[in-house]
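Undergrad: Can you keep this structure in mind? I'll have questions shortly.
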Amino acid sequence: MITAHHLKKVYQTGEIRQEVIKDLSLEISEGEFISLVGPSGSGKSTVLNMLGCLDTPTKGDITINGSPITGMNRTKMAHFRGENIGFIFQSFNLIPVLSVYENIEYPLIMIQNLPEEERKSRVLTLLEEVGMLDHKDKTPDKISGGQMQRVAIARALVTNPKIVFADEPTANLDTKTAHMIIELMKKIQREHQTTFVFATHDEKIVSNVDRLITLVDGEIVADQRMNK
Ligand SMILES: Nc1ncnc2c1ncn2[C@@H]1O[C@H](COP(=O)(O)OP(=O)(O)OP(=O)(O)O)[C@@H](O)[C@H]1O
C-alpha cells in the first residue's frame with residue numbers, strides 16, 4: 001500500500017546543509033499498526049511527513065495505493081492527502097473557537113458534494129466511537145488533553161482515510177492516558193482495517209504494535225514484526 005524507495009531528505013537552512021535521511025526504503029501493507037521509534041532527531045517526523053504527503057523527499061520515490069506521489073504538484077498532493085490520509089499531532093491542533101463536533105466535521109468541508117445527512121452521521125458515529133458524544137458542544141479549552149487527542153483521532157478519521165499518521169500522539173499525555181489513546185487507535189485499526197503509523201520516543205507504550213521500526217540517524221536499524 002505504501003512503498004518508499006531510496007528516500008533522501010536534505011534540509012538547507014541558510015549556509016547549513018543537513019542530510020537527515022540518507023537512503024531509506026520501506027514497505028507498509030494495508031492494515032498494519034506500526035510504531036516508528038528512535039531518539040530525538042533521528043528523523044521520525046521527517047519520515048512521517050514525507051510518507052504523509054506533508055513534505056517531499058529530496059530524492060527517492062513514494063507510491064501510495066498505486067499512485068506515485070513524488071512528482072505531484074502541491075495542489076494535487078493536497079487533494080490526494082485529503083482523500084487518503086489522516087494526521088494526528090502531538091499538540092492536538094484543534095481549532096479553539098470551534099466545538100468538539102465542529103472540529104471533527106472540519107475536514108469534511110473540503111469534500112464537495114457530501115450530503116448533509118452523511119456528514120452528520122459520520123461525525124456522530126466517530127464521536128460515539130472515541131467516547132466524546134457527551135462533550136460534543138464544548139470548546140477544546142473545556143476538555144482534558146486525553147479528550148483533545150480523542151477528538152483529534154476522530155477528526156483524522158472522518159474522511160475515512162486508509163492511512164493515519166500520528167506524530168508523537170501521546171507525548172503530551174500521562175502514561176495511563178497514553179495507553180488509552182494507543183488502545184483506541186488499535187481498536188479502530190482492527191475494526192476499520194486502517195493502517196496506522198505512529199512515531200514515538202517511548203518504547204514502553206508500544207507493546208501492542210504489529211511492527212516496530214527503529215530509526216537512528218535517519219537509518220532503519222531494526223524492523224521487527226511482533227508475534228502475538
Ligand atoms: N524544517 C526543518 N528545517 C531544518 N532542519 C530540520 C527541519 N525539520 C527537522 N530538521 C532537523 O532534522 C533532524 C531530524 O528531525 P525530526 O524532527 O525528523 O526527528 P525526530 O526523530 O522526529 O525528532 P523528535 O523525536 O525530537 O521529534 C533534526 O536534526 C532536526 O533539527
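Identifiers in the C-alpha cells: chain A, B, ... in order shown; residue index from 1 per chain; ligand index from 1 in order shown.
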For Ser35 in chain A, find every residue with an atom within 12 Å (counting only C-alpha atoms), except residues of its own chain fewer than 5 positions away, and show them as a PyMOL selection string.
TA: chain A and resi 28+44+48+164-169+182+185-186+195-215+222-226
Undergrad: Once you count only C-alpha atoms and all ligand atoms, which residues end up within 10 Å of ligand 1, and could you hand them over as a PyMOL selection string?
TA: chain A and resi 9-14+16-21+36-50+55+90+167-168+171+199-202+215-218
Undergrad: Please save C-alpha atoms of the selected residues as a PDB file, in the first residue's frame.
TA:
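Wrote out.pdb, looks like this:
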```
ATOM      1  CA  LYS A   9      15.994  14.313   2.743  1.00  0.00           C
ATOM      2  CA  VAL A  10      18.288  17.276   2.990  1.00  0.00           C
ATOM      3  CA  TYR A  11      17.333  20.412   4.929  1.00  0.00           C
ATOM      4  CA  GLN A  12      19.070  23.579   3.877  1.00  0.00           C
ATOM      5  CA  THR A  13      18.876  26.417   6.390  1.00  0.00           C
ATOM      6  CA  GLY A  14      20.975  29.338   5.166  1.00  0.00           C
ATOM      7  CA  ILE A  16      23.789  24.882   6.835  1.00  0.00           C
ATOM      8  CA  ARG A  17      23.001  21.735   4.918  1.00  0.00           C
ATOM      9  CA  GLN A  18      21.801  18.753   6.910  1.00  0.00           C
ATOM     10  CA  GLU A  19      21.276  15.335   5.406  1.00  0.00           C
ATOM     11  CA  VAL A  20      18.658  13.908   7.740  1.00  0.00           C
ATOM     12  CA  ILE A  21      17.604  10.841   5.747  1.00  0.00           C
ATOM     13  CA  LEU A  36       8.397   4.240  14.436  1.00  0.00           C
ATOM     14  CA  VAL A  37      10.746   4.689  17.377  1.00  0.00           C
ATOM     15  CA  GLY A  38      14.132   6.301  17.780  1.00  0.00           C
ATOM     16  CA  PRO A  39      15.946   9.023  19.655  1.00  0.00           C
ATOM     17  CA  SER A  40      15.114  12.689  19.285  1.00  0.00           C
ATOM     18  CA  GLY A  41      16.424  13.986  15.970  1.00  0.00           C
ATOM     19  CA  SER A  42      16.626  10.535  14.342  1.00  0.00           C
ATOM     20  CA  GLY A  43      14.231  11.644  11.592  1.00  0.00           C
ATOM     21  CA  LYS A  44      10.888  10.137  12.652  1.00  0.00           C
ATOM     22  CA  SER A  45       8.830  13.260  11.889  1.00  0.00           C
ATOM     23  CA  THR A  46      10.684  13.766   8.631  1.00  0.00           C
ATOM     24  CA  VAL A  47       9.764  10.246   7.512  1.00  0.00           C
ATOM     25  CA  LEU A  48       6.112  10.622   8.577  1.00  0.00           C
ATOM     26  CA  ASN A  49       5.813  13.978   6.822  1.00  0.00           C
ATOM     27  CA  MET A  50       7.225  12.562   3.577  1.00  0.00           C
ATOM     28  CA  ASP A  55       6.690  17.263   2.727  1.00  0.00           C
ATOM     29  CA  GLN A  90       1.446  15.774  19.403  1.00  0.00           C
ATOM     30  CA  ASP A 167       3.411  12.129  15.246  1.00  0.00           C
ATOM     31  CA  GLU A 168       4.099  11.595  18.954  1.00  0.00           C
ATOM     32  CA  ALA A 171       3.824  12.908  24.147  1.00  0.00           C
ATOM     33  CA  ALA A 199       6.154   7.985  15.830  1.00  0.00           C
ATOM     34  CA  THR A 200       7.130   7.921  19.464  1.00  0.00           C
ATOM     35  CA  HIS A 201      10.117   8.228  21.767  1.00  0.00           C
ATOM     36  CA  ASP A 202       8.577   5.913  24.231  1.00  0.00           C
ATOM     37  CA  LEU A 215      15.382   4.747  13.307  1.00  0.00           C
ATOM     38  CA  VAL A 216      18.834   6.031  14.285  1.00  0.00           C
ATOM     39  CA  ASP A 217      20.444   8.945  12.454  1.00  0.00           C
ATOM     40  CA  GLY A 218      17.936   8.655   9.629  1.00  0.00           C
TER      41      GLY A 218
END
```
Undergrad: For CA of Thr3 in chain A and CA of Val221 in chain A, quote the distance in Å rounded to one decimal.
TA: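 Calculated distance between CA of Thr3 in chain A and CA of Val221 in chain A is 18.1 Å.
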Undergrad: Got a sec to tell me which of range 123-165 of chain A DSSP assigns to alpha helix (DSSP H), as an MDAnalysis selection string?
TA: chainID A and resid 123:129 145:157
Undergrad: Select, from A:Glu27, A:Arg81, A:His6, A:Ile34, the residue with the minimum atom-to-atom distance to Pro57 in chain A, counting only C-alpha atoms.
TA: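 Among the listed residues, the smallest separation from Pro57 in chain A belongs to A:His6.
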